[in-house]
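Enquirer: One file: coords05.cif (mmCIF, C-alpha atoms and all ligand atoms).
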```cif
data_protein
loop_
_atom_site.label_atom_id
_atom_site.label_comp_id
_atom_site.auth_asym_id
_atom_site.auth_seq_id
_atom_site.Cartn_x
_atom_site.Cartn_y
_atom_site.Cartn_z
CA MET A 20 -21.10 7.26 -4.69
CA LEU A 21 -17.50 8.45 -4.51
CA ILE A 22 -14.82 6.97 -2.29
CA LEU A 23 -12.30 9.52 -1.04
CA LYS A 24 -9.30 8.21 0.86
CA PHE A 25 -6.97 10.61 2.67
CA GLY A 26 -3.55 9.48 3.86
CA GLY A 27 -1.82 10.29 7.13
CA THR A 28 -0.20 13.57 6.09
CA SER A 29 -3.47 14.80 4.55
CA VAL A 30 -5.01 14.59 8.03
CA GLY A 31 -1.68 15.20 9.80
CA SER A 32 -2.60 18.47 11.51
CA PRO A 33 -5.76 20.40 12.42
CA GLN A 34 -5.08 22.73 9.45
CA ARG A 35 -4.82 19.79 7.07
CA MET A 36 -8.08 18.34 8.43
CA GLN A 37 -9.73 21.68 7.69
CA GLN A 38 -8.45 21.50 4.13
CA VAL A 39 -9.85 18.00 3.75
CA ALA A 40 -13.19 19.25 5.04
CA SER A 41 -13.32 22.02 2.41
CA LEU A 42 -12.24 19.63 -0.27
CA ILE A 43 -14.93 17.06 0.39
CA THR A 44 -17.74 19.53 0.90
CA ALA A 45 -16.96 21.07 -2.49
CA ILE A 46 -17.75 17.75 -4.20
CA ASN A 47 -21.45 17.47 -4.87
CA GLN A 48 -21.88 13.72 -4.74
CA PRO A 49 -22.55 11.28 -1.90
CA LYS A 50 -19.24 10.05 -0.58
CA ILE A 51 -17.52 7.65 1.75
CA VAL A 52 -14.41 9.22 3.24
CA VAL A 53 -11.76 6.73 4.29
CA LEU A 54 -9.09 8.07 6.63
CA SER A 55 -5.65 6.88 7.66
CA ALA A 56 -4.26 7.59 11.09
CA VAL A 57 -2.74 11.04 11.67
CA ALA A 58 0.80 11.00 10.20
CA GLY A 59 3.31 9.37 12.52
CA THR A 60 0.71 7.75 14.75
CA THR A 61 0.85 4.21 13.38
CA ASN A 62 4.65 4.26 13.59
CA ALA A 63 4.38 5.46 17.19
CA LEU A 64 1.88 2.70 17.98
CA VAL A 65 4.09 0.05 16.37
CA GLN A 66 6.93 1.31 18.55
CA LEU A 67 4.71 1.25 21.64
CA GLY A 68 3.62 -2.30 20.84
CA LYS A 69 7.26 -3.39 20.72
CA LEU A 70 7.94 -1.82 24.11
CA LEU A 71 4.89 -3.52 25.59
CA LEU A 72 5.87 -6.88 24.12
CA ALA A 73 9.35 -6.46 25.58
CA LYS A 74 7.76 -5.54 28.94
CA GLN A 75 9.62 -2.21 28.95
CA THR A 76 6.82 -0.73 31.00
CA GLU A 77 8.45 2.55 31.95
CA GLU A 78 9.39 3.49 28.38
CA ALA A 79 5.94 2.38 27.23
CA ALA A 80 4.27 4.63 29.81
CA GLU A 81 6.36 7.61 28.62
CA HIS A 82 5.43 6.81 25.05
CA ILE A 83 1.73 6.86 25.96
CA ASP A 84 2.15 10.22 27.75
CA LYS A 85 3.70 11.67 24.60
CA LEU A 86 0.86 10.41 22.43
CA GLU A 87 -1.64 11.89 24.84
CA GLN A 88 0.08 15.29 24.74
CA HIS A 89 0.22 15.21 20.96
CA TYR A 90 -3.48 14.52 20.62
CA GLN A 91 -4.38 16.95 23.38
CA ALA A 92 -2.74 19.76 21.42
CA PHE A 93 -4.36 18.47 18.24
CA ILE A 94 -7.84 18.65 19.78
CA ASP A 95 -7.16 22.09 21.27
CA ASN A 96 -6.31 23.40 17.82
CA LEU A 97 -8.99 21.54 15.92
CA LEU A 98 -12.11 22.29 17.93
CA THR A 99 -13.37 25.47 19.53
CA GLN A 100 -16.82 24.76 20.93
CA SER A 101 -17.18 23.13 24.32
CA LYS A 102 -19.46 20.22 23.41
CA PRO A 103 -17.41 18.76 20.55
CA ARG A 104 -14.28 19.41 22.61
CA GLN A 105 -15.70 17.41 25.48
CA GLN A 106 -16.64 14.61 23.12
CA ALA A 107 -13.15 14.60 21.62
CA GLN A 108 -11.73 14.52 25.11
CA GLN A 109 -13.76 11.40 25.83
CA VAL A 110 -12.54 9.78 22.62
CA LEU A 111 -8.93 10.49 23.56
CA THR A 112 -9.36 9.37 27.17
CA HIS A 113 -10.88 6.11 25.94
CA SER A 114 -7.90 5.35 23.67
CA ILE A 115 -5.28 6.42 26.16
CA SER A 116 -6.86 4.46 29.05
CA LEU A 117 -6.95 1.38 26.84
CA MET A 118 -3.21 1.83 26.23
CA ARG A 119 -2.46 2.41 29.91
CA ASN A 120 -4.40 -0.77 30.73
CA TYR A 121 -1.96 -2.78 28.62
CA LEU A 122 0.79 -1.76 31.02
CA GLY A 123 -0.57 -3.99 33.76
CA TYR A 124 -1.61 -7.06 31.77
CA PRO A 125 -0.02 -9.66 29.48
CA PHE A 126 0.33 -8.17 26.01
CA GLY A 127 0.16 -10.35 22.88
CA ARG A 128 -0.64 -10.26 19.17
CA SER A 129 -4.35 -9.56 19.42
CA LYS A 130 -3.85 -6.72 21.92
CA ASN A 131 -1.18 -5.36 19.59
CA ASN A 132 -3.68 -5.26 16.72
CA GLU A 133 -6.18 -3.51 18.96
CA LEU A 134 -3.45 -1.00 19.81
CA LEU A 135 -2.57 -0.39 16.13
CA ALA A 136 -6.23 0.28 15.36
CA GLN A 137 -6.31 3.30 17.70
CA GLY A 138 -4.74 5.57 15.06
CA GLU A 139 -7.59 5.26 12.56
CA LEU A 140 -10.21 5.18 15.31
CA LEU A 141 -8.90 8.50 16.62
CA SER A 142 -8.49 10.28 13.27
CA THR A 143 -11.99 9.40 12.08
CA GLN A 144 -13.74 10.35 15.32
CA LEU A 145 -11.89 13.67 15.56
CA PHE A 146 -12.60 14.48 11.93
CA SER A 147 -16.27 13.64 12.36
CA LEU A 148 -16.49 15.93 15.40
CA PHE A 149 -14.76 18.68 13.45
CA LEU A 150 -17.32 18.43 10.64
CA THR A 151 -20.18 18.41 13.14
CA GLU A 152 -18.81 21.50 14.88
CA ASN A 153 -18.83 23.20 11.49
CA LYS A 154 -22.43 22.12 10.86
CA ILE A 155 -21.48 19.65 8.17
CA ASP A 156 -23.71 16.60 8.41
CA ASN A 157 -21.81 13.35 8.51
CA THR A 158 -22.19 9.74 9.58
CA LEU A 159 -19.36 7.75 11.11
CA LEU A 160 -19.31 4.09 10.08
CA SER A 161 -17.15 1.63 11.97
CA ALA A 162 -15.03 -0.38 9.56
CA LEU A 163 -15.16 -3.14 12.17
CA ASP A 164 -18.86 -3.60 11.31
CA PHE A 165 -18.27 -4.44 7.65
CA MET A 166 -14.56 -5.04 6.93
CA HIS A 167 -14.22 -8.68 7.96
CA LEU A 168 -11.58 -11.18 6.90
CA THR A 169 -12.36 -14.72 5.78
CA PRO A 170 -10.62 -17.63 7.56
CA SER A 171 -7.87 -17.41 4.93
CA GLY A 172 -7.12 -13.88 6.11
CA GLU A 173 -8.49 -12.10 3.03
CA PRO A 174 -11.31 -9.58 2.76
CA ASP A 175 -14.28 -10.61 0.63
CA VAL A 176 -15.97 -7.92 -1.49
CA GLN A 177 -19.36 -9.70 -1.57
CA ASP A 178 -19.40 -9.95 2.20
CA ILE A 179 -18.44 -6.28 2.58
CA LYS A 180 -21.22 -5.39 0.15
CA GLN A 181 -23.81 -7.32 2.14
CA LYS A 182 -22.81 -5.70 5.40
CA LEU A 183 -22.15 -2.18 4.16
CA THR A 184 -25.07 -1.58 1.77
CA PRO A 185 -27.78 -1.53 4.47
CA MET A 186 -25.73 1.05 6.40
CA LEU A 187 -25.87 3.54 3.52
CA ARG A 188 -29.41 4.79 3.84
CA ALA A 189 -30.72 6.97 1.00
CA PRO A 190 -27.53 8.86 0.20
CA ARG A 191 -28.06 12.38 -1.21
CA PRO A 192 -25.47 14.57 -3.02
CA GLY A 193 -24.29 16.11 0.25
CA THR A 194 -24.13 12.87 2.20
CA ILE A 195 -20.79 12.22 3.91
CA TYR A 196 -19.91 8.88 5.45
CA ILE A 197 -16.62 8.59 7.28
CA THR A 198 -14.83 5.35 8.03
CA GLN A 199 -11.45 3.98 9.04
CA GLY A 200 -8.92 2.64 6.59
CA PHE A 201 -6.57 -0.20 7.53
CA ILE A 202 -8.57 -1.82 10.35
CA CYS A 203 -10.81 -4.88 10.19
CA LEU A 204 -11.99 -7.90 12.15
CA ASN A 205 -10.45 -11.29 11.48
CA SER A 206 -12.40 -14.54 11.32
CA GLN A 207 -12.01 -15.02 15.07
CA GLY A 208 -13.79 -11.72 15.56
CA ASP A 209 -10.65 -9.96 16.84
CA ILE A 210 -9.44 -6.59 15.62
CA ASP A 211 -6.87 -6.99 12.86
CA ASN A 212 -5.57 -4.90 9.96
CA LEU A 213 -4.84 -4.96 6.25
CA LYS A 214 -1.07 -4.49 6.79
CA ARG A 215 0.90 -1.26 6.73
CA GLY A 216 -0.35 1.20 4.16
CA GLY A 217 -3.62 -0.75 4.00
CA SER A 218 -5.99 2.23 3.95
CA ASP A 219 -5.70 2.39 0.17
CA TYR A 220 -6.82 -1.22 0.07
CA THR A 221 -9.80 -0.40 2.32
CA ALA A 222 -10.85 2.35 -0.09
CA SER A 223 -10.62 0.03 -3.06
CA LEU A 224 -12.57 -2.75 -1.33
CA ILE A 225 -15.32 -0.34 -0.36
CA GLY A 226 -15.37 1.16 -3.86
CA ALA A 227 -15.78 -2.30 -5.36
CA ALA A 228 -18.43 -3.31 -2.80
CA VAL A 229 -20.65 -0.27 -3.45
CA GLN A 230 -19.84 -0.04 -7.19
CA ALA A 231 -18.60 3.51 -6.69
CA ASN A 232 -18.27 5.95 -9.58
CA GLU A 233 -14.65 6.46 -8.65
CA ILE A 234 -12.14 5.72 -5.89
CA GLN A 235 -9.96 8.72 -5.17
CA ILE A 236 -6.73 8.26 -3.25
CA TRP A 237 -5.60 11.64 -1.94
CA THR A 238 -1.94 11.94 -0.96
CA ASP A 239 0.84 14.50 -0.99
CA ILE A 240 2.13 13.99 -4.49
CA ASP A 241 0.47 14.77 -7.80
CA GLY A 242 -0.13 11.17 -8.81
CA MET A 243 2.21 8.41 -9.87
CA HIS A 244 5.39 9.60 -11.50
CA ASN A 245 7.26 8.11 -14.42
CA ASN A 246 10.26 7.44 -12.18
CA ASP A 247 11.13 7.46 -8.49
CA PRO A 248 11.46 11.13 -7.40
CA ARG A 249 13.75 10.01 -4.57
CA LEU A 250 16.26 8.65 -7.08
CA VAL A 251 16.16 11.00 -10.04
CA LYS A 252 15.53 14.74 -10.24
CA ALA A 253 13.37 15.19 -13.29
CA THR A 254 10.23 13.11 -13.04
CA LYS A 255 6.74 13.83 -14.32
CA PRO A 256 3.29 12.72 -13.21
CA ILE A 257 1.57 10.10 -15.34
CA GLU A 258 -1.91 11.16 -16.46
CA HIS A 259 -3.30 7.77 -17.22
CA LEU A 260 -2.55 4.12 -16.47
CA SER A 261 -4.43 0.93 -17.23
CA PHE A 262 -5.22 -1.27 -14.23
CA ASP A 263 -2.53 -3.73 -15.33
CA GLU A 264 0.10 -1.03 -15.66
CA ALA A 265 -0.78 0.37 -12.24
CA ALA A 266 -0.69 -3.07 -10.63
CA GLU A 267 2.82 -3.68 -11.98
CA LEU A 268 3.99 -0.31 -10.73
CA ALA A 269 2.39 -0.62 -7.30
CA TYR A 270 4.01 -3.99 -6.86
CA PHE A 271 7.40 -2.87 -8.12
CA GLY A 272 8.02 -0.29 -5.52
CA ALA A 273 5.99 2.79 -6.47
CA LYS A 274 5.33 3.60 -2.80
CA ILE A 275 2.32 5.77 -3.50
CA LEU A 276 -0.18 2.88 -3.63
CA HIS A 277 -0.58 -0.23 -1.50
CA PRO A 278 0.02 -3.09 -3.98
CA ALA A 279 -3.27 -4.89 -3.23
CA THR A 280 -5.31 -1.77 -4.07
CA ILE A 281 -5.73 -2.26 -7.80
CA LEU A 282 -7.32 -5.71 -7.91
CA PRO A 283 -10.72 -5.08 -6.25
CA ALA A 284 -11.20 -1.90 -8.30
CA GLN A 285 -10.17 -3.69 -11.48
CA VAL A 286 -12.52 -6.63 -10.92
CA ALA A 287 -15.41 -4.25 -10.21
CA GLY A 288 -14.39 -1.93 -13.08
CA VAL A 289 -14.26 1.13 -10.80
CA PRO A 290 -11.71 3.79 -11.85
CA VAL A 291 -9.07 4.86 -9.34
CA ARG A 292 -7.78 8.42 -9.31
CA LEU A 293 -4.67 9.52 -7.44
CA LYS A 294 -4.93 13.14 -6.32
CA ASN A 295 -2.81 15.63 -4.40
CA THR A 296 -4.37 17.41 -1.40
CA LEU A 297 -1.78 20.18 -1.72
CA GLN A 298 -2.70 20.78 -5.37
CA PRO A 299 -6.33 19.70 -5.74
CA GLU A 300 -6.60 21.23 -9.25
CA ALA A 301 -3.76 19.09 -10.63
CA PRO A 302 -5.15 16.24 -12.76
CA GLY A 303 -3.29 13.51 -10.85
CA THR A 304 -3.28 9.98 -12.26
CA LEU A 305 -6.36 8.20 -13.57
CA ILE A 306 -6.27 4.40 -13.49
CA ASN A 307 -8.97 2.55 -15.42
CA LYS A 308 -9.56 -0.30 -17.84
CA ASP A 309 -8.60 1.63 -20.95
CA ALA A 310 -5.50 -0.09 -22.32
CA SER A 311 -5.58 1.26 -25.86
CA HIS A 312 -2.50 3.49 -25.67
CA THR A 313 0.93 2.05 -26.30
CA GLN A 314 3.51 4.50 -25.04
CA VAL A 315 5.91 3.59 -22.26
CA LYS A 316 4.63 4.91 -18.93
CA ALA A 317 7.04 4.50 -16.08
CA VAL A 318 9.99 2.79 -14.52
CA ALA A 319 10.08 1.57 -10.92
CA ALA A 320 12.56 -0.38 -8.85
CA LYS A 321 12.31 -2.86 -6.03
CA ASP A 322 15.27 -3.45 -3.70
CA GLY A 323 16.21 -6.26 -1.38
CA ILE A 324 16.07 -8.92 -4.08
CA THR A 325 18.04 -12.15 -3.96
CA ALA A 326 18.83 -14.03 -7.18
CA ILE A 327 19.26 -17.79 -7.15
CA LYS A 328 20.70 -19.76 -10.06
CA ILE A 329 20.31 -23.52 -10.35
CA LYS A 330 22.48 -25.11 -12.99
CA SER A 331 22.25 -28.74 -14.00
CA SER A 332 23.01 -30.68 -17.15
CA ARG A 333 20.19 -32.99 -16.07
CA MET A 334 17.85 -30.24 -17.18
CA LEU A 335 18.81 -30.84 -20.80
CA LEU A 336 15.83 -32.38 -22.61
CA ALA A 337 14.29 -33.37 -19.26
CA HIS A 338 10.83 -32.49 -18.08
CA GLY A 339 9.59 -31.84 -14.58
CA PHE A 340 12.74 -29.99 -13.55
CA LEU A 341 11.02 -26.65 -13.00
CA LEU A 342 8.27 -28.40 -11.08
CA LYS A 343 10.83 -29.81 -8.64
CA ILE A 344 12.39 -26.39 -8.18
CA PHE A 345 9.09 -24.61 -7.66
CA GLN A 346 7.90 -27.24 -5.20
CA ILE A 347 10.78 -26.35 -2.91
CA PHE A 348 9.79 -22.66 -2.94
CA ASP A 349 6.17 -23.62 -2.47
CA TYR A 350 7.02 -25.75 0.54
CA TYR A 351 8.74 -22.79 2.17
CA LYS A 352 5.88 -20.41 1.16
CA THR A 353 8.39 -18.18 -0.62
CA ALA A 354 7.11 -16.19 -3.57
CA ILE A 355 9.18 -16.00 -6.74
CA ASP A 356 9.23 -12.72 -8.67
CA MET A 357 11.34 -13.12 -11.79
CA VAL A 358 12.26 -16.28 -13.65
CA THR A 359 14.60 -16.75 -16.59
CA THR A 360 15.71 -20.05 -18.04
CA SER A 361 18.30 -21.42 -20.41
CA GLU A 362 18.61 -25.03 -21.51
CA ILE A 363 20.75 -26.01 -18.53
CA ALA A 364 20.05 -23.36 -15.90
CA VAL A 365 17.26 -21.46 -14.21
CA SER A 366 17.64 -18.12 -12.47
CA LEU A 367 14.93 -16.76 -10.25
CA THR A 368 14.47 -14.05 -7.66
CA ILE A 369 12.87 -13.84 -4.25
CA ASP A 370 12.49 -10.97 -1.79
CA ASP A 371 11.66 -12.95 1.33
CA THR A 372 14.86 -14.69 2.46
CA THR A 373 13.49 -16.15 5.72
CA HIS A 374 14.00 -19.72 4.49
CA LEU A 375 16.91 -19.09 2.12
CA THR A 376 19.31 -21.53 3.83
CA ASN A 377 16.81 -24.40 3.71
CA ILE A 378 15.82 -23.59 0.15
CA VAL A 379 19.43 -23.55 -1.04
CA GLU A 380 20.16 -26.83 0.76
CA GLU A 381 17.28 -28.55 -0.99
CA LEU A 382 18.06 -27.00 -4.36
CA GLN A 383 21.61 -28.37 -4.13
CA ALA A 384 20.14 -31.85 -4.59
CA LEU A 385 19.01 -30.69 -8.06
CA GLY A 386 22.15 -28.96 -9.29
CA GLN A 387 24.79 -26.34 -8.65
CA VAL A 388 23.36 -23.35 -6.81
CA GLU A 389 24.60 -19.76 -6.82
CA VAL A 390 23.10 -16.97 -4.70
CA ASP A 391 23.45 -13.22 -5.36
CA LYS A 392 22.13 -10.91 -2.68
CA ASN A 393 21.55 -7.13 -2.79
CA GLN A 394 19.95 -7.03 -6.20
CA SER A 395 17.23 -4.70 -7.49
CA ILE A 396 14.51 -5.32 -10.02
CA ILE A 397 14.03 -2.44 -12.41
CA CYS A 398 10.70 -2.67 -14.11
CA LEU A 399 9.65 -0.69 -17.17
CA VAL A 400 5.90 -0.49 -17.68
CA GLY A 401 3.69 0.39 -20.64
CA ASN A 402 0.93 -1.33 -22.61
CA GLN A 403 2.24 -3.38 -25.54
CA ILE A 404 5.73 -2.37 -24.56
CA LEU A 405 7.26 -5.32 -26.39
CA LYS A 406 5.86 -4.14 -29.70
CA ASN A 407 7.73 -0.90 -29.31
CA GLN A 408 11.13 -1.62 -30.89
CA GLN A 409 12.30 1.89 -30.25
CA VAL A 410 11.74 1.59 -26.50
CA LEU A 411 13.59 -1.71 -26.40
CA GLN A 412 16.55 -0.15 -28.15
CA GLN A 413 16.49 2.92 -25.90
CA LEU A 414 16.27 0.73 -22.83
CA PHE A 415 19.26 -1.45 -23.65
CA LYS A 416 21.24 1.56 -24.82
CA SER A 417 20.54 3.18 -21.43
CA MET A 418 21.85 0.08 -19.68
CA GLU A 419 25.21 0.11 -21.49
CA GLN A 420 27.08 0.95 -18.28
CA THR A 421 25.08 -1.33 -16.01
CA PRO A 422 25.82 -5.03 -15.48
CA LEU A 423 22.62 -7.00 -16.06
CA ARG A 424 22.08 -10.12 -13.96
CA MET A 425 18.71 -11.12 -15.47
CA VAL A 426 16.30 -9.81 -18.11
CA SER A 427 12.68 -10.86 -18.24
CA LEU A 428 10.55 -9.80 -21.16
CA GLY A 429 7.46 -11.35 -22.59
CA GLY A 430 6.01 -12.41 -19.23
CA SER A 431 3.28 -9.87 -19.78
CA LYS A 432 2.62 -7.47 -22.61
CA ASN A 433 3.22 -4.49 -20.43
CA ASN A 434 6.37 -5.11 -18.46
CA ILE A 435 10.11 -5.55 -18.95
CA SER A 436 12.08 -6.42 -15.84
CA LEU A 437 15.83 -6.14 -15.38
CA LEU A 438 17.80 -7.39 -12.42
CA VAL A 439 20.83 -5.29 -11.50
CA PRO A 440 23.10 -5.06 -8.45
CA SER A 441 21.50 -2.57 -6.04
CA GLN A 442 24.52 -0.23 -6.07
CA GLN A 443 23.99 0.27 -9.81
CA LYS A 444 20.29 1.02 -9.52
CA GLN A 445 20.34 4.79 -9.15
CA VAL A 446 22.63 5.30 -12.14
CA ALA A 447 20.50 2.93 -14.20
CA MET A 448 17.26 4.71 -13.25
CA ALA A 449 18.75 8.09 -14.17
CA SER A 450 20.03 6.74 -17.43
CA ILE A 451 16.62 5.24 -18.32
CA ASN A 452 14.98 8.53 -17.39
CA LYS A 453 17.10 10.24 -20.01
CA GLY A 454 17.32 7.52 -22.63
CA VAL A 455 13.73 6.27 -22.60
CA PHE A 456 11.70 9.22 -21.22
CA GLY A 457 13.87 12.02 -22.58
CA LEU A 458 13.90 13.76 -19.15
N1 LIG B 501 -2.12 3.97 9.24
C1 LIG B 501 -1.69 2.77 8.55
C2 LIG B 501 -0.20 2.84 8.27
O1 LIG B 501 0.44 3.84 8.57
C3 LIG B 501 -2.47 2.53 7.31
C4 LIG B 501 -2.34 3.57 6.23
O2 LIG B 501 -1.96 4.70 6.48
O3 LIG B 501 -2.64 3.25 5.07
O4 LIG B 501 0.34 1.90 7.77
MG MG B 502 -0.16 5.07 2.14
#
```
As structure tokens - that is how I would like this structure written.

Expert:
Amino acid sequence: MLILKFGGTSVGSPQRMQQVASLITAINQPKIVVLSAVAGTTNALVQLGKLLLAKQTEEAAEHIDKLEQHYQAFIDNLLTQSKPRQQAQQVLTHSISLMRNYLGYPFGRSKNNELLAQGELLSTQLFSLFLTENKIDNTLLSALDFMHLTPSGEPDVQDIKQKLTPMLRAPRPGTIYITQGFICLNSQGDIDNLKRGGSDYTASLIGAAVQANEIQIWTDIDGMHNNDPRLVKATKPIEHLSFDEAAELAYFGAKILHPATILPAQVAGVPVRLKNTLQPEAPGTLINKDASHTQVKAVAAKDGITAIKIKSSRMLLAHGFLLKIFQIFDYYKTAIDMVTTSEIAVSLTIDDTTHLTNIVEELQALGQVEVDKNQSIICLVGNQILKNQQVLQQLFKSMEQTPLRMVSLGGSKNNISLLVPSQQKQVAMASINKGVFGL
């Protein structure tokens, strides 16, 4: 079994849906196709949800009209025969009536989640009808029947496996299952989702549950690049990453993959391949358990970081100091990214500043506290990167012009993290691109 996930732009127009259809039918293996919402739809639904929550009924009604027109045109261009067109019309009417119903009733969180789910529900039903019109056999599976969250709000691969396996009856090479990314049921049985960008995560969970041969994530770029193409001109696709390298990169800002995607695939040992729908022949990026290579792979950056330094001479030769610090962050459910210590000070970084004021107040009981906002973590990734003296030299040489606030190295064998003021990030990334990657 293959899992093929297509993102919003890959199904963003009737033409693009046709391309996806040719792409999947050319692959002679049974497959589960996971689709995102048509590009722009989830954003539009988020916007609509805000209007409904704010009781801005008139604007909300206009918003719904616009969505209806957009999908009407989409259907008109996608389907030609009267029966599938009628069916698509029903699908659209169902979604739009549901939205119009919200206008007259109290609107809260669970209705909002139901609203957000409409994007994936629409894209998958329209795509399935398109395949059927073109005499391509396919089976639509509702993610709501197997993608269920535990009471702690997490999906559980074993549970997905139990529910999904009986639905996949005798798959043959040409078998095509279609399902929605992103959406799920929570433990109360209400519609929920796996957070923005969560369709990648859906694909990975399904791939792990059915022990797929491969999970393919199809987007609009030819795989992960060695650097952020929005920041530097010359970047190149990375052919291969180990799971650990990919997890570091996905977390540190490489927008191409939802950060939770790697873990289920890694645990199940299922390779993940990032492919480009616009250039299907390009090799893309293969992510698997092979971690034998040692060259440096990529650099990524994460913005919106706040650094906090706690300085106290009481730390000298004392134990339990870090515990006290971490307990404060734990109490406020605030994750810490980087940590560096000296004998009398600790610096650490957070990206969620919701409870910053309280945290700082409590930390002040332990020592002198300094806060630096608007920082970026630059993270260089590659297996055994610390063993590569040359890379270390090149890296620090590249940073000659950049003030470094923190350096973390040795936390894992495949990552070096640097904290720099955000205004310096772009220059630093360009300089690393030249100095370390020779680009
Ligand atoms: N449609 C959802 C979003 O835009 C999920 C996804 O595309 O992965 O966030
Ligand atoms: Mg995405």

Enquirer: Show me, as AutoDock Vina command-line options, the centre and edge lengths in Å to one decimal of the axis-aligned box that covers every listed atom of ligand LIG 501 (chain B) with 3 Å on each side.

Expert:
```
--center_x -1.1 --center_y 3.3 --center_z 7.2 --size_x 9.1 --size_y 8.8 --size_z 10.2
```

Enquirer: Can you measure atom CA of Asn157 of chain A to atom CA of Arg292 of chain A for me? One decimal in Å is fine.

Expert: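 That distance, rounded to one decimal, is 23.2 Å.
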
Enquirer: What gap, in Å, lies between atom CA of Arg104 of chain A and atom CA of Pro33 of chain A?

Expert: 13.3 Å

Enquirer: Could you list, as a ChimeraX atom specification, all protein and nucleic acid residues with an atom at most 12 Å from ligand MG 502 (chain B), counting only C-alpha atoms and all ligand atoms?

Expert: /A:24-29,53-59,61,200-201,213-222,236-240,269,273-280,293

Enquirer: List as a tab-separated table (two decimals) with C-alpha atoms, in the coordinates of the input the protein and nucleic acid residues near segment 121-126 of chain A, meaning an atom at most 8 Å away when all atoms listed in the file are counted, but skip any in the same chain fewer than 3 places from it.

Expert:
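Okay, this is what ended up in around10.tsv:
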```tsv
chain	number	residue	atom	x	y	z
A	71	LEU	CA	4.89	-3.52	25.59
A	72	LEU	CA	5.87	-6.88	24.12
A	76	THR	CA	6.82	-0.73	31.00
A	79	ALA	CA	5.94	2.38	27.23
A	80	ALA	CA	4.27	4.63	29.81
A	117	LEU	CA	-6.95	1.38	26.84
A	118	MET	CA	-3.21	1.83	26.23
A	130	LYS	CA	-3.85	-6.72	21.92
A	131	ASN	CA	-1.18	-5.36	19.59
```

Enquirer: Which is closer to Ser395 of chain A than all the others in A:Val289, A:Leu21, A:Ala326, A:Ile378, using all atoms listed in the file?

Expert: A:Ala326

Enquirer: So that I can check the surroundings of Gln88 of chain A, please list as an mmCIF file with C-alpha atoms, in the frame of the given file every protein, DNA and RNA residue that reaches within 12 Å of it, counting all atoms listed in the file and ignoring chain neighbours fewer than 4 positions away.

Expert:
```
data_model
loop_
_atom_site.group_PDB
_atom_site.id
_atom_site.type_symbol
_atom_site.label_atom_id
_atom_site.label_comp_id
_atom_site.auth_asym_id
_atom_site.auth_seq_id
_atom_site.Cartn_x
_atom_site.Cartn_y
_atom_site.Cartn_z
ATOM 1 C CA GLU A 81 6.360 7.610 28.620
ATOM 2 C CA HIS A 82 5.430 6.810 25.050
ATOM 3 C CA ILE A 83 1.730 6.860 25.960
ATOM 4 C CA ASP A 84 2.150 10.220 27.750
ATOM 5 C CA ALA A 92 -2.740 19.760 21.420
ATOM 6 C CA PHE A 93 -4.360 18.470 18.240
ATOM 7 C CA ILE A 94 -7.840 18.650 19.780
ATOM 8 C CA ASP A 95 -7.160 22.090 21.270
ATOM 9 C CA GLN A 108 -11.730 14.520 25.110
ATOM 10 C CA LEU A 111 -8.930 10.490 23.560
ATOM 11 C CA THR A 112 -9.360 9.370 27.170
ATOM 12 C CA ILE A 115 -5.280 6.420 26.160
#
```

Enquirer: Which residues, written as a compact mmCIF listing (two decimals) with C-alpha atoms, in the frame of the given file, have at least one atom at most 9 Å from Thr421 of chain A, with all atoms listed in the file counted and residues fewer than 3 positions away on the same chain left out?

Expert:
```
# COMPACT_ATOMS: atom_id res chain seq x y z
CA SER A 417 20.54 3.18 -21.43
CA MET A 418 21.85 0.08 -19.68
CA VAL A 439 20.83 -5.29 -11.50
CA PRO A 440 23.10 -5.06 -8.45
CA GLN A 443 23.99 0.27 -9.81
CA LYS A 444 20.29 1.02 -9.52
CA VAL A 446 22.63 5.30 -12.14
CA ALA A 447 20.50 2.93 -14.20
```

Enquirer: With all atoms listed in the file as the basis for distance, which of A:Gln37, A:Gln314, A:Thr325, A:Gln409 is at the shortest distance from Leu150 of chain A?

Expert: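 When distances to Leu150 of chain A are compared using all atoms listed in the file, the smallest one comes from A:Gln37.
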
Enquirer: Of the candidates A:Asn212, A:Ser114, A:Ala364, A:Lys50, which one gets nearest to ligand LIG 501 (chain B) if we count only C-alpha atoms and all ligand atoms?

Expert: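 Using only C-alpha atoms and all ligand atoms, ligand LIG 501 (chain B) sits closest to A:Asn212.
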
Enquirer: Looking at A:Leu135, A:Ala107, A:Met357, A:Ala287, which one is nearest to ligand LIG 501 (chain B), with distances taken over all atoms listed in the file?

Expert: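 Closest candidate: A:Leu135.
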
Enquirer: Looking at A:Val110, A:Leu405, A:Ala136, A:Leu97, which one is nearest to ligand LIG 501 (chain B), with distances taken over all atoms listed in the file?

Expert: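 Ranking A:Val110, A:Leu405, A:Ala136, A:Leu97 by distance to ligand LIG 501 (chain B), first place goes to A:Ala136.
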